[in-house]
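Just model-v2.pdb here, PDB, C-alpha atoms:
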```pdb
ATOM      1  CA  MET N1066     155.031 -38.101  21.814
ATOM      2  CA  PRO N1067     157.740 -38.644  19.156
ATOM      3  CA  LYS N1068     161.316 -38.251  20.290
ATOM      4  CA  ALA N1069     164.390 -36.908  18.548
ATOM      5  CA  ILE N1070     167.965 -38.110  18.889
ATOM      6  CA  LEU N1071     170.526 -35.342  19.283
ATOM      7  CA  SER N1072     174.160 -36.187  18.677
ATOM      8  CA  VAL N1073     176.472 -33.467  19.948
ATOM      9  CA  LEU N1074     179.698 -34.138  18.033
ATOM     10  CA  ILE N1075     182.785 -32.120  18.929
ATOM     11  CA  LEU N1076     185.634 -31.980  16.406
ATOM     12  CA  SER N1077     189.213 -31.968  17.619
ATOM     13  CA  LEU N1078     192.260 -30.829  15.715
ATOM     14  CA  ALA N1079     194.221 -33.759  17.097
ATOM     15  CA  THR N1080     192.031 -36.784  17.754
ATOM     16  CA  PRO N1081     188.250 -37.036  17.530
ATOM     17  CA  ALA N1082     186.497 -36.432  20.836
ATOM     18  CA  ALA N1083     183.921 -38.923  22.040
ATOM     19  CA  ALA N1084     180.399 -37.984  21.024
ATOM     20  CA  LEU N1085     177.808 -37.106  23.647
ATOM     21  CA  THR N1086     174.462 -38.447  22.445
ATOM     22  CA  LEU N1087     171.289 -37.146  24.084
ATOM     23  CA  GLU N1088     167.678 -38.080  23.426
ATOM     24  CA  LEU N1089     165.422 -35.032  23.475
ATOM     25  CA  PRO N1090     161.930 -35.588  24.931
ATOM     26  CA  ALA N1091     160.029 -34.069  21.990
ATOM     27  CA  ARG N1092     160.221 -33.473  18.251
ATOM     28  CA  VAL N1093     162.685 -30.796  17.139
ATOM     29  CA  LEU N1094     161.019 -27.935  15.260
ATOM     30  CA  ALA N1095     164.132 -25.788  14.745
ATOM     31  CA  GLU N1096     167.848 -25.913  15.535
ATOM     32  CA  GLU N1097     170.668 -23.378  15.539
ATOM     33  CA  SER N1098     174.323 -23.924  16.421
ATOM     34  CA  ARG N1099     177.717 -22.274  16.722
ATOM     35  CA  SER N1100     181.173 -23.729  17.237
ATOM     36  CA  GLU N1101     184.709 -22.539  17.947
ATOM     37  CA  VAL N1102     187.901 -24.610  17.751
ATOM     38  CA  PRO N1103     189.678 -23.691  19.920
ATOM     39  CA  GLY N1104     187.189 -21.776  22.029
ATOM     40  CA  SER N1105     186.368 -20.922  25.631
ATOM     41  CA  TYR N1106     183.228 -20.808  27.744
ATOM     42  CA  ASP N1107     182.400 -19.332  31.157
ATOM     43  CA  LEU N1108     180.731 -22.355  32.770
ATOM     44  CA  PRO N1109     178.344 -21.165  35.526
ATOM     45  CA  ILE N1110     179.068 -22.962  38.797
ATOM     46  CA  ALA N1111     176.739 -21.088  41.182
ATOM     47  CA  ALA N1112     173.744 -18.769  41.276
ATOM     48  CA  PHE N1113     173.974 -14.993  40.827
ATOM     49  CA  ASP N1114     175.668 -13.739  44.012
ATOM     50  CA  GLY N1115     174.510 -10.138  43.938
ATOM     51  CA  SER N1116     177.201  -8.841  41.610
ATOM     52  CA  THR N1117     178.051 -11.595  39.137
ATOM     53  CA  VAL N1118     177.458 -15.208  38.125
ATOM     54  CA  PRO N1119     180.358 -17.312  39.477
ATOM     55  CA  SER N1120     181.890 -19.303  36.640
ATOM     56  CA  ARG N1121     184.821 -21.453  35.611
ATOM     57  CA  VAL N1122     186.567 -20.827  32.297
ATOM     58  CA  VAL N1123     186.839 -24.020  30.245
ATOM     59  CA  GLU N1124     188.811 -24.150  27.002
ATOM     60  CA  GLY N1125     188.774 -26.510  24.046
ATOM     61  CA  ALA N1126     186.371 -27.283  21.224
ATOM     62  CA  LEU N1127     183.147 -25.353  21.839
ATOM     63  CA  ASP N1128     179.821 -26.619  20.483
ATOM     64  CA  GLN N1129     176.638 -24.742  21.382
ATOM     65  CA  ARG N1130     173.180 -25.639  20.085
ATOM     66  CA  ALA N1131     169.673 -24.318  20.649
ATOM     67  CA  PHE N1132     166.543 -26.344  19.926
ATOM     68  CA  ARG N1133     162.883 -25.413  19.705
ATOM     69  CA  LEU N1134     160.758 -28.421  20.618
ATOM     70  CA  GLU N1135     157.177 -29.390  19.949
ATOM     71  CA  ALA N1136     156.472 -29.386  23.672
ATOM     72  CA  GLY N1137     153.508 -27.128  24.421
ATOM     73  CA  GLY N1138     152.302 -27.762  27.973
ATOM     74  CA  ILE N1139     155.327 -29.792  29.072
ATOM     75  CA  THR N1140     157.144 -28.425  32.129
ATOM     76  CA  THR N1141     160.771 -27.357  32.131
ATOM     77  CA  LEU N1142     161.534 -30.074  34.692
ATOM     78  CA  ALA N1143     160.013 -32.700  32.397
ATOM     79  CA  VAL N1144     162.387 -31.540  29.648
ATOM     80  CA  LEU N1145     165.486 -31.258  31.835
ATOM     81  CA  ALA N1146     165.150 -34.392  33.981
ATOM     82  CA  PRO N1147     165.767 -36.991  31.237
ATOM     83  CA  LEU N1148     168.664 -34.923  29.851
ATOM     84  CA  ARG N1149     170.205 -34.733  33.324
ATOM     85  CA  ASP N1150     169.923 -38.498  33.693
ATOM     86  CA  GLN N1151     171.594 -39.061  30.328
ATOM     87  CA  VAL N1152     174.427 -36.651  31.136
ATOM     88  CA  THR N1153     175.188 -38.427  34.417
ATOM     89  CA  ALA N1154     174.924 -41.804  32.692
ATOM     90  CA  ALA N1155     177.567 -40.601  30.223
ATOM     91  CA  GLY N1156     179.998 -40.125  33.118
ATOM     92  CA  TYR N1157     179.521 -36.420  33.858
ATOM     93  CA  GLU N1158     179.253 -35.063  37.407
ATOM     94  CA  ILE N1159     176.580 -32.410  38.028
ATOM     95  CA  ILE N1160     178.303 -29.502  39.775
ATOM     96  CA  PHE N1161     175.462 -26.944  39.731
ATOM     97  CA  GLU N1162     171.728 -26.992  39.094
ATOM     98  CA  CYS N1163     169.029 -24.385  39.663
ATOM     99  CA  GLU N1164     165.624 -23.131  38.589
ATOM    100  CA  ALA N1165     164.730 -19.546  37.669
ATOM    101  CA  ARG N1166     164.248 -18.108  41.148
ATOM    102  CA  SER N1167     167.178 -19.907  42.799
ATOM    103  CA  CYS N1168     169.427 -19.185  39.782
ATOM    104  CA  GLY N1169     168.924 -15.459  40.157
ATOM    105  CA  GLY N1170     166.184 -14.779  37.601
ATOM    106  CA  PHE N1171     167.016 -11.882  35.283
ATOM    107  CA  ASP N1172     170.553 -11.432  36.595
ATOM    108  CA  PHE N1173     171.573 -15.062  36.016
ATOM    109  CA  ARG N1174     169.989 -15.146  32.547
ATOM    110  CA  PHE N1175     171.816 -12.026  31.368
ATOM    111  CA  GLY N1176     175.019 -12.973  33.165
ATOM    112  CA  THR N1177     175.443 -16.189  31.176
ATOM    113  CA  ASP N1178     176.107 -17.079  27.545
ATOM    114  CA  VAL N1179     172.725 -17.592  25.854
ATOM    115  CA  MET N1180     172.036 -17.705  22.113
ATOM    116  CA  PRO N1181     169.775 -14.787  21.071
ATOM    117  CA  GLU N1182     166.067 -14.815  20.387
ATOM    118  CA  PRO N1183     164.371 -16.349  18.503
ATOM    119  CA  ASP N1184     166.903 -19.230  18.453
ATOM    120  CA  MET N1185     166.798 -19.605  22.237
ATOM    121  CA  HIS N1186     163.855 -18.235  24.193
ATOM    122  CA  VAL N1187     164.150 -17.855  27.975
ATOM    123  CA  ASP N1188     161.120 -17.089  30.138
ATOM    124  CA  LEU N1189     162.697 -15.198  33.044
ATOM    125  CA  SER N1190     160.271 -16.773  35.519
ATOM    126  CA  ASP N1191     160.375 -20.327  34.153
ATOM    127  CA  TYR N1192     163.734 -21.805  33.235
ATOM    128  CA  ARG N1193     166.141 -24.445  34.566
ATOM    129  CA  PHE N1194     169.897 -24.796  34.254
ATOM    130  CA  LEU N1195     172.587 -27.332  35.039
ATOM    131  CA  SER N1196     176.331 -27.604  34.487
ATOM    132  CA  ALA N1197     178.406 -30.772  34.626
ATOM    133  CA  VAL N1198     182.022 -31.827  34.138
ATOM    134  CA  SER N1199     183.900 -34.956  33.176
ATOM    135  CA  GLY N1200     187.646 -34.569  33.518
ATOM    136  CA  GLU N1201     188.615 -31.559  31.388
ATOM    137  CA  GLU N1202     185.304 -31.552  29.524
ATOM    138  CA  ALA N1203     182.176 -29.610  30.475
ATOM    139  CA  VAL N1204     178.547 -29.386  29.440
ATOM    140  CA  SER N1205     175.690 -27.073  30.405
ATOM    141  CA  ILE N1206     171.977 -27.340  29.663
ATOM    142  CA  LEU N1207     169.483 -24.467  29.775
ATOM    143  CA  VAL N1208     165.765 -25.266  29.439
ATOM    144  CA  SER N1209     162.802 -22.905  29.141
ATOM    145  CA  ARG N1210     159.466 -22.730  27.366
ATOM    146  CA  SER N1211     156.825 -20.528  25.798
ATOM    147  CA  ALA N1212     153.092 -21.147  25.587
ATOM    148  CA  SER N1213     153.524 -23.321  22.505
ATOM    149  CA  ALA N1214     157.060 -24.744  22.558
ATOM    150  CA  GLY N1215     159.967 -25.901  24.671
ATOM    151  CA  TYR N1216     163.519 -24.593  24.320
ATOM    152  CA  VAL N1217     166.817 -26.310  25.081
ATOM    153  CA  GLN N1218     170.337 -24.911  24.813
ATOM    154  CA  ILE N1219     173.211 -27.369  25.160
ATOM    155  CA  THR N1220     176.782 -26.097  25.420
ATOM    156  CA  ARG N1221     179.693 -28.522  25.414
ATOM    157  CA  VAL N1222     183.433 -27.935  25.601
ATOM    158  CA  SER N1223     185.655 -30.931  24.863
ATOM    159  CA  LYS N1224     189.389 -31.446  24.501
ATOM    160  CA  ALA N1225     191.078 -29.681  21.588
ATOM    161  CA  PRO N1226     194.468 -28.146  20.885
ATOM    162  CA  LEU N1227     194.571 -24.529  21.993
ATOM    163  CA  THR N1228     196.907 -23.497  19.168
ATOM    164  CA  ALA N1229     196.381 -23.769  15.442
ATOM    165  CA  PRO N1230     198.998 -23.971  12.670
ATOM    166  CA  VAL N1231     200.350 -20.518  11.866
ATOM    167  CA  THR N1232     200.954 -19.370   8.304
ATOM    168  CA  GLN N1233     203.386 -16.463   8.146
ATOM    169  CA  THR N1234     202.024 -13.420   6.387
ATOM    170  CA  VAL N1235     203.835 -10.149   5.785
ATOM    171  CA  VAL N1236     201.675  -7.068   6.263
ATOM    172  CA  ASP N1237     202.497  -3.476   5.431
ATOM    173  CA  LEU N1238     201.175  -1.148   8.147
ATOM    174  CA  PRO N1239     200.594   2.413   6.922
ATOM    175  CA  ASP N1240     201.789   5.390   8.931
ATOM    176  CA  GLU N1241     198.215   6.657   9.248
ATOM    177  CA  VAL N1242     195.439   4.335  10.273
ATOM    178  CA  THR N1243     191.855   5.266   9.509
ATOM    179  CA  ALA N1244     189.595   4.472  12.430
ATOM    180  CA  PRO N1245     186.626   2.259  11.590
ATOM    181  CA  ALA N1246     183.326   3.986  11.243
ATOM    182  CA  PRO N1247     181.389   3.967  14.548
ATOM    183  CA  VAL N1248     178.467   1.621  14.869
ATOM    184  CA  VAL N1249     175.268   3.616  14.640
ATOM    185  CA  THR N1250     172.399   2.327  16.724
ATOM    186  CA  PRO N1251     169.138   2.976  14.859
ATOM    187  CA  SER N1252     166.566   5.011  16.759
ATOM    188  CA  ASP N1253     163.896   5.210  14.086
ATOM    189  CA  ASP N1254     160.908   2.881  14.201
ATOM    190  CA  SER N1255     161.907   0.488  11.416
ATOM    191  CA  GLY N1256     165.622   0.423  12.351
ATOM    192  CA  LEU N1257     165.037  -0.290  16.022
ATOM    193  CA  ALA N1258     162.385  -2.889  15.213
ATOM    194  CA  GLN N1259     164.823  -4.583  12.839
ATOM    195  CA  ALA N1260     167.503  -4.638  15.542
ATOM    196  CA  LEU N1261     165.091  -6.198  18.042
ATOM    197  CA  ASP N1262     163.954  -8.794  15.509
ATOM    198  CA  GLN N1263     167.460  -9.717  14.376
ATOM    199  CA  THR N1264     169.590  -9.476  17.546
ATOM    200  CA  GLY N1265     167.072  -9.009  20.352
ATOM    201  CA  VAL N1266     168.780  -5.880  21.705
ATOM    202  CA  ALA N1267     169.099  -2.163  20.858
ATOM    203  CA  VAL N1268     170.624   0.860  22.585
ATOM    204  CA  LEU N1269     168.292   3.801  23.266
ATOM    205  CA  ASP N1270     170.846   6.441  22.359
ATOM    206  CA  ASP N1271     168.546   9.475  22.353
ATOM    207  CA  LEU N1272     167.715   9.381  26.081
ATOM    208  CA  VAL N1273     168.774  12.422  28.107
ATOM    209  CA  PHE N1274     169.002  12.336  31.905
ATOM    210  CA  ALA N1275     169.326  15.343  34.164
ATOM    211  CA  SER N1276     172.882  15.697  35.473
ATOM    212  CA  GLY N1277     173.435  13.273  38.368
ATOM    213  CA  ALA N1278     169.767  12.303  38.354
ATOM    214  CA  ALA N1279     167.781   9.229  37.403
ATOM    215  CA  THR N1280     164.904  11.088  35.718
ATOM    216  CA  LEU N1281     164.560  11.726  31.997
ATOM    217  CA  THR N1282     164.476  15.338  30.887
ATOM    218  CA  GLU N1283     161.259  16.407  29.188
ATOM    219  CA  GLY N1284     161.137  15.955  25.442
ATOM    220  CA  ASP N1285     160.282  13.619  22.615
ATOM    221  CA  TYR N1286     162.109  10.283  22.453
ATOM    222  CA  PRO N1287     161.770   8.538  19.072
ATOM    223  CA  SER N1288     163.474   5.419  20.454
ATOM    224  CA  LEU N1289     160.745   4.945  23.058
ATOM    225  CA  ALA N1290     158.062   5.521  20.451
ATOM    226  CA  ALA N1291     159.773   2.819  18.385
ATOM    227  CA  VAL N1292     159.820   0.391  21.328
ATOM    228  CA  ALA N1293     156.112   1.026  21.930
ATOM    229  CA  ALA N1294     155.435   0.435  18.221
ATOM    230  CA  TRP N1295     157.412  -2.833  18.308
ATOM    231  CA  LEU N1296     155.395  -4.040  21.308
ATOM    232  CA  GLU N1297     152.164  -3.174  19.520
ATOM    233  CA  ALA N1298     153.306  -5.080  16.424
ATOM    234  CA  ASN N1299     154.347  -8.062  18.581
ATOM    235  CA  PRO N1300     151.419  -8.540  20.975
ATOM    236  CA  GLU N1301     153.031 -11.515  22.740
ATOM    237  CA  GLY N1302     156.443  -9.876  23.057
ATOM    238  CA  THR N1303     157.954  -8.615  26.294
ATOM    239  CA  VAL N1304     161.043  -6.468  26.856
ATOM    240  CA  ALA N1305     163.520  -5.554  29.563
ATOM    241  CA  LEU N1306     164.955  -2.065  29.892
ATOM    242  CA  VAL N1307     168.496  -2.460  31.225
ATOM    243  CA  GLY N1308     170.419   0.462  32.668
ATOM    244  CA  HIS N1309     174.230   0.727  32.424
ATOM    245  CA  THR N1310     176.802   3.121  33.914
ATOM    246  CA  ASP N1311     180.473   3.891  33.536
ATOM    247  CA  ALA N1312     182.992   2.529  36.047
ATOM    248  CA  SER N1313     183.110   5.633  38.258
ATOM    249  CA  GLY N1314     182.099   4.828  41.844
ATOM    250  CA  SER N1315     181.142   1.627  43.632
ATOM    251  CA  LEU N1316     179.418  -1.328  41.988
ATOM    252  CA  ALA N1317     176.487  -1.219  44.411
ATOM    253  CA  GLY N1318     175.920   2.492  43.839
ATOM    254  CA  ASN N1319     176.136   2.139  40.070
ATOM    255  CA  ILE N1320     173.733  -0.808  39.994
ATOM    256  CA  ALA N1321     171.238   1.193  42.038
ATOM    257  CA  LEU N1322     171.595   4.251  39.764
ATOM    258  CA  SER N1323     171.329   2.213  36.568
ATOM    259  CA  GLU N1324     168.180   0.482  37.834
ATOM    260  CA  ARG N1325     166.555   3.782  38.825
ATOM    261  CA  ARG N1326     167.264   5.144  35.347
ATOM    262  CA  ALA N1327     165.849   2.022  33.695
ATOM    263  CA  GLU N1328     162.733   2.344  35.873
ATOM    264  CA  ALA N1329     162.399   6.013  34.882
ATOM    265  CA  VAL N1330     162.582   5.070  31.204
ATOM    266  CA  ALA N1331     159.983   2.356  31.762
ATOM    267  CA  GLU N1332     157.599   4.860  33.343
ATOM    268  CA  VAL N1333     157.905   7.206  30.352
ATOM    269  CA  LEU N1334     157.495   4.298  27.925
ATOM    270  CA  ILE N1335     154.307   3.256  29.731
ATOM    271  CA  ASP N1336     152.778   6.630  30.679
ATOM    272  CA  THR N1337     153.703   8.652  27.588
ATOM    273  CA  TYR N1338     153.961   6.092  24.798
ATOM    274  CA  GLY N1339     151.256   3.679  25.932
ATOM    275  CA  ALA N1340     153.253   0.475  26.474
ATOM    276  CA  ASP N1341     151.625  -2.280  28.536
ATOM    277  CA  ARG N1342     153.143  -2.249  32.039
ATOM    278  CA  ALA N1343     152.838  -6.044  32.305
ATOM    279  CA  ARG N1344     155.141  -6.477  29.297
ATOM    280  CA  VAL N1345     157.998  -4.233  30.480
ATOM    281  CA  ILE N1346     160.540  -4.813  33.251
ATOM    282  CA  ALA N1347     163.403  -2.567  34.318
ATOM    283  CA  LYS N1348     166.781  -3.682  35.686
ATOM    284  CA  GLY N1349     170.242  -2.235  36.183
ATOM    285  CA  VAL N1350     173.665  -3.853  35.902
ATOM    286  CA  GLY N1351     175.890  -0.866  36.705
ATOM    287  CA  PHE N1352     179.282  -1.066  34.996
ATOM    288  CA  LEU N1353     179.306  -4.851  34.497
ATOM    289  CA  ALA N1354     178.611  -4.761  30.746
ATOM    290  CA  PRO N1355     180.619  -1.925  29.113
ATOM    291  CA  ARG N1356     180.513  -1.381  25.360
ATOM    292  CA  ALA N1357     183.596   0.874  25.332
ATOM    293  CA  THR N1358     186.669   1.611  27.451
ATOM    294  CA  ASN N1359     186.190   3.441  30.745
ATOM    295  CA  GLN N1360     189.635   5.030  30.366
ATOM    296  CA  THR N1361     188.335   7.926  28.224
ATOM    297  CA  GLU N1362     185.434  10.335  28.615
ATOM    298  CA  GLU N1363     184.097   9.293  25.214
ATOM    299  CA  GLY N1364     184.072   5.672  26.310
ATOM    300  CA  ARG N1365     182.420   6.484  29.621
ATOM    301  CA  GLN N1366     179.674   8.390  27.799
ATOM    302  CA  LYS N1367     178.984   5.337  25.619
ATOM    303  CA  ASN N1368     178.789   3.140  28.695
ATOM    304  CA  ARG N1369     176.172   5.373  30.350
ATOM    305  CA  ARG N1370     173.121   4.056  28.533
ATOM    306  CA  VAL N1371     169.821   2.183  28.651
ATOM    307  CA  GLU N1372     169.254  -0.808  26.371
ATOM    308  CA  VAL N1373     166.054  -2.583  25.405
ATOM    309  CA  ILE N1374     166.259  -6.398  25.311
ATOM    310  CA  VAL N1375     163.632  -8.773  23.970
ATOM    311  CA  THR N1376     162.731 -11.258  26.715
ATOM    312  CA  SER N1377     159.876 -13.081  24.957
ATOM    313  CA  THR N1378     158.377 -13.174  21.474
ATOM    314  CA  ARG N1379     155.721 -15.819  22.043
TER     315      ARG N1379
END
```
Before anything else, please render the file you have as C-alpha cells.
Amino acid sequence: MPKAILSVLILSLATPAAALTLELPARVLAEESRSEVPGSYDLPIAAFDGSTVPSRVVEGALDQRAFRLEAGGITTLAVLAPLRDQVTAAGYEIIFECEARSCGGFDFRFGTDVMPEPDMHVDLSDYRFLSAVSGEEAVSILVSRSASAGYVQITRVSKAPLTAPVTQTVVDLPDEVTAPAPVVTPSDDSGLAQALDQTGVAVLDDLVFASGAATLTEGDYPSLAAVAAWLEANPEGTVALVGHTDASGSLAGNIALSERRAEAVAEVLIDTYGADRARVIAKGVGFLAPRATNQTEEGRQKNRRVEVIVTSTR
C-alpha cells in the first residue's frame, strides 16, 4: 500500500521549532488543518472519570491536522501503532493511551478537542488515542475509521512566544452599545440539514418539556421532523442526541436529568418521526457545556436544551 509522508511544521515567532515528521500508513485522500500562534490546548492525560476528561493545558504554537486515509479494512491499531513508534523515536514520552471503551466512549470523544465532521470522523465504538510530551512540547493522536477510510487527527503544541507585538490603536466607545443580534438556530428542514452538514451540530430549540419532568409535551416538533429527514437523506449517517441543563443543582443530578430528556427526545424521534433506532443514541452532559451564562435566567434557559450531533456520515 502506498505511504504518505506528513511533515508537521510548527512556526515560532522567535526561532523555528524542530519539525516532527511522521509517515502515515496509507495514502492521504483529504487533509484539513488549523493553527494558532500563540495558542493553547487541553491535552488529555487520562480517561473520562465520570464527570470530565482530565487534561493538562499546554501553551505555544498550536498545529492541528485531520487526515482521511485510503485505508478501508485496516484496523485503528494498525494505523496508530507505527505513528506511536515514530513519536517515541522522536524523543516524546507517551503519557496516556486508550481505546474507545477504556477512553470513555462518547464522553471522552465529546470531552476532547476534535475537528468537526466530515474533516475528522470518529466511530464512537472504534477509535484510539494517545498523548505524549517532550519537555514543554506536546502531541496527541486520535485514530478512527469508517467502512471505507481511516481517519487521523494529529495535534501538536510547540514552543512559541505567548505575547505578540502590540500596535496601539485609539478607539472611540459610544455611550450606547447595540447588542449583537442573537444567533438563530434553524429548525426548518433545510436549515437544520445545512447546519448538520456544515458543522455537525444543531440545537433543537422548539422542544418543550413538562415543568421539572423529562418527558416532551405533546405537539408537533419541526426540528425532529428535520432530523428524521436528514437521516433519511443520509442513509449511512448516525446521530447523538445530547441533553444539557443549567448549573442549578448537583452535577450528578443534572447529568441524569439531561440524559433522561435526551432519551425522551430519541423515543419521539423514533416512534413518531420514524427514525431508525440503531442510528440514534442519547446522552446527557448536565451543565458541563453551557452556551450562555448561568448568572441570568435568560442564560439558564438557553443552557437547558437538547442538541443533535452527527456521529457518522459513512
Just so the selection is clear, what residues does the PyMOL selection byres ((chain N and resi 1190-1197) around 9) cover here, as an mmCIF file with C-alpha atoms, in the coordinates of the input?
```
data_model
loop_
_atom_site.group_PDB
_atom_site.id
_atom_site.type_symbol
_atom_site.label_atom_id
_atom_site.label_comp_id
_atom_site.auth_asym_id
_atom_site.auth_seq_id
_atom_site.Cartn_x
_atom_site.Cartn_y
_atom_site.Cartn_z
ATOM 1 C CA LEU N 1108 180.731 -22.355 32.770
ATOM 2 C CA PRO N 1109 178.344 -21.165 35.526
ATOM 3 C CA ILE N 1110 179.068 -22.962 38.797
ATOM 4 C CA THR N 1140 157.144 -28.425 32.129
ATOM 5 C CA THR N 1141 160.771 -27.357 32.131
ATOM 6 C CA LEU N 1142 161.534 -30.074 34.692
ATOM 7 C CA LEU N 1145 165.486 -31.258 31.835
ATOM 8 C CA ARG N 1149 170.205 -34.733 33.324
ATOM 9 C CA VAL N 1152 174.427 -36.651 31.136
ATOM 10 C CA THR N 1153 175.188 -38.427 34.417
ATOM 11 C CA TYR N 1157 179.521 -36.420 33.858
ATOM 12 C CA GLU N 1158 179.253 -35.063 37.407
ATOM 13 C CA ILE N 1159 176.580 -32.410 38.028
ATOM 14 C CA ILE N 1160 178.303 -29.502 39.775
ATOM 15 C CA PHE N 1161 175.462 -26.944 39.731
ATOM 16 C CA GLU N 1162 171.728 -26.992 39.094
ATOM 17 C CA CYS N 1163 169.029 -24.385 39.663
ATOM 18 C CA GLU N 1164 165.624 -23.131 38.589
ATOM 19 C CA ALA N 1165 164.730 -19.546 37.669
ATOM 20 C CA ARG N 1166 164.248 -18.108 41.148
ATOM 21 C CA CYS N 1168 169.427 -19.185 39.782
ATOM 22 C CA GLY N 1170 166.184 -14.779 37.601
ATOM 23 C CA PHE N 1171 167.016 -11.882 35.283
ATOM 24 C CA VAL N 1187 164.150 -17.855 27.975
ATOM 25 C CA ASP N 1188 161.120 -17.089 30.138
ATOM 26 C CA LEU N 1189 162.697 -15.198 33.044
ATOM 27 C CA VAL N 1198 182.022 -31.827 34.138
ATOM 28 C CA SER N 1199 183.900 -34.956 33.176
ATOM 29 C CA GLU N 1202 185.304 -31.552 29.524
ATOM 30 C CA ALA N 1203 182.176 -29.610 30.475
ATOM 31 C CA VAL N 1204 178.547 -29.386 29.440
ATOM 32 C CA SER N 1205 175.690 -27.073 30.405
ATOM 33 C CA ILE N 1206 171.977 -27.340 29.663
ATOM 34 C CA LEU N 1207 169.483 -24.467 29.775
ATOM 35 C CA VAL N 1208 165.765 -25.266 29.439
ATOM 36 C CA SER N 1209 162.802 -22.905 29.141
ATOM 37 C CA ARG N 1210 159.466 -22.730 27.366
#
```
Worksheet item: Within 12 Å of region 1087-1094 of chain N, counting only C-alpha atoms, which residues qualify if same-chain residues fewer than 4 places away don't, as a PyMOL selection string?
Response: chain N and resi 1066-1074+1131-1155+1184+1204+1206+1208+1213-1219
Per residue of region 1281-1305 of chain N within 7 Å of region 1333-1349 of chain N, what are the shortest atom pair and its distance in Å to one decimal, counting all atoms listed in the file, with rows by chain and residue number, as a Markdown table?
```
| residue | atom | partner | partner_atom | distance |
| --- | --- | --- | --- | --- |
| N:Leu1289 | CA | N:Leu1334 | CA | 5.9 |
| N:Ala1290 | CA | N:Tyr1338 | CA | 6.0 |
| N:Ala1293 | CA | N:Ala1340 | CA | 5.4 |
| N:Thr1303 | CA | N:Arg1344 | CA | 4.6 |
| N:Val1304 | CA | N:Val1345 | CA | 5.2 |
| N:Ala1305 | CA | N:Ile1346 | CA | 4.8 |
```
Fill in: Near-region 1314-1328 of chain N list (8 Å; all atoms listed in the file; drop same-chain fewer than 5 positions) as JSON, numbers by chain
{"N": [1116, 1279, 1280, 1281, 1306, 1307, 1308, 1309, 1346, 1347, 1348, 1349, 1350, 1351, 1352, 1371]}
Excluding Trp1295 (chain N) and residues on its chain fewer than 2 positions from it, collect all residues at most 10 Å away from it, counting only C-alpha atoms, and give them as a compact mmCIF listing (two decimals) with C-alpha atoms, keeping the file's coordinate frame.
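File selection-v4.txt, as written:
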```txt
# COMPACT_ATOMS: atom_id res chain seq x y z
CA ASP N 1254 160.91 2.88 14.20
CA SER N 1255 161.91 0.49 11.42
CA LEU N 1257 165.04 -0.29 16.02
CA ALA N 1258 162.38 -2.89 15.21
CA GLN N 1259 164.82 -4.58 12.84
CA LEU N 1261 165.09 -6.20 18.04
CA ASP N 1262 163.95 -8.79 15.51
CA LEU N 1289 160.74 4.94 23.06
CA ALA N 1290 158.06 5.52 20.45
CA ALA N 1291 159.77 2.82 18.39
CA VAL N 1292 159.82 0.39 21.33
CA ALA N 1293 156.11 1.03 21.93
CA GLU N 1297 152.16 -3.17 19.52
CA ALA N 1298 153.31 -5.08 16.42
CA ASN N 1299 154.35 -8.06 18.58
CA PRO N 1300 151.42 -8.54 20.98
CA GLY N 1302 156.44 -9.88 23.06
CA THR N 1303 157.95 -8.62 26.29
CA VAL N 1304 161.04 -6.47 26.86
CA ALA N 1340 153.25 0.48 26.47
```
Apply the PyMOL selection byres ((chain N and resi 1173-1181) around 7) to the structure shown and report the selected residues as a short mmCIF file (atom, residue, chain, number, x, y, z; two decimals) with C-alpha atoms, keeping the file's coordinate frame.
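What landed in selection.cif:
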```cif
data_model
loop_
_atom_site.label_atom_id
_atom_site.label_comp_id
_atom_site.auth_asym_id
_atom_site.auth_seq_id
_atom_site.Cartn_x
_atom_site.Cartn_y
_atom_site.Cartn_z
CA ALA N 1112 173.74 -18.77 41.28
CA PHE N 1113 173.97 -14.99 40.83
CA THR N 1117 178.05 -11.60 39.14
CA VAL N 1118 177.46 -15.21 38.12
CA CYS N 1168 169.43 -19.18 39.78
CA GLY N 1169 168.92 -15.46 40.16
CA GLY N 1170 166.18 -14.78 37.60
CA PHE N 1171 167.02 -11.88 35.28
CA ASP N 1172 170.55 -11.43 36.60
CA GLU N 1182 166.07 -14.82 20.39
CA PRO N 1183 164.37 -16.35 18.50
CA ASP N 1184 166.90 -19.23 18.45
CA MET N 1185 166.80 -19.60 22.24
CA THR N 1264 169.59 -9.48 17.55
CA GLY N 1265 167.07 -9.01 20.35
#
```
Response to the item:
CA of Ala1225 (chain N) to CA of Val1102 (chain N) measures 7.1 Å
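Each of N:Arg1130, N:Lys1224, N:Arg1369, N:His1186 was checked against Pro1103 (chain N) using only C-alpha atoms; the smallest atom-to-atom distance is that of N:Lys1224.
CA of Ala1329 (chain N) is found 18.4 Å from CA of Val1375 (chain N).
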Fill in: Between CA of Gly1125 (chain N) and CA of Glu1101 (chain N) - distance in Å to one decimal
8.3 Å
Fill in: Answer key for the PyMOL selection byres ((chain N and resi 1358-1366) around 10), residues as a ChimeraX atom specification
/N:1310-1313,1352,1355-1357,1367-1370
May I have the centre and edge lengths, in Å to one decimal, of an axis-aligned box around the listed atoms of region 1176-1180 of chain N with 5 Å added to every side, as AutoDock Vina command-line options?
```
--center_x 174.1 --center_y -15.3 --center_z 27.6 --size_x 14.1 --size_y 14.7 --size_z 21.1
```
With the input short on atoms, add N, CA and C atoms back to region 1177-1181 of chain N and write it as an mmCIF file, keeping the file's coordinate frame.
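rebuild-v8.cif was written with the following content:
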```cif
data_model
loop_
_atom_site.group_PDB
_atom_site.id
_atom_site.type_symbol
_atom_site.label_atom_id
_atom_site.label_comp_id
_atom_site.auth_asym_id
_atom_site.auth_seq_id
_atom_site.Cartn_x
_atom_site.Cartn_y
_atom_site.Cartn_z
ATOM 1 N N THR N 1177 174.929 -14.955 31.764
ATOM 2 C CA THR N 1177 175.443 -16.189 31.176
ATOM 3 C C THR N 1177 175.356 -16.115 29.651
ATOM 4 N N ASP N 1178 176.030 -17.031 29.007
ATOM 5 C CA ASP N 1178 176.107 -17.079 27.545
ATOM 6 C C ASP N 1178 174.873 -17.790 27.003
ATOM 7 N N VAL N 1179 173.962 -17.035 26.401
ATOM 8 C CA VAL N 1179 172.725 -17.592 25.854
ATOM 9 C C VAL N 1179 172.578 -17.140 24.408
ATOM 10 N N MET N 1180 172.260 -18.062 23.512
ATOM 11 C CA MET N 1180 172.036 -17.705 22.113
ATOM 12 C C MET N 1180 170.826 -16.785 22.022
ATOM 13 N N PRO N 1181 170.829 -15.811 21.097
ATOM 14 C CA PRO N 1181 169.775 -14.787 21.071
ATOM 15 C C PRO N 1181 168.430 -15.323 20.601
#
```
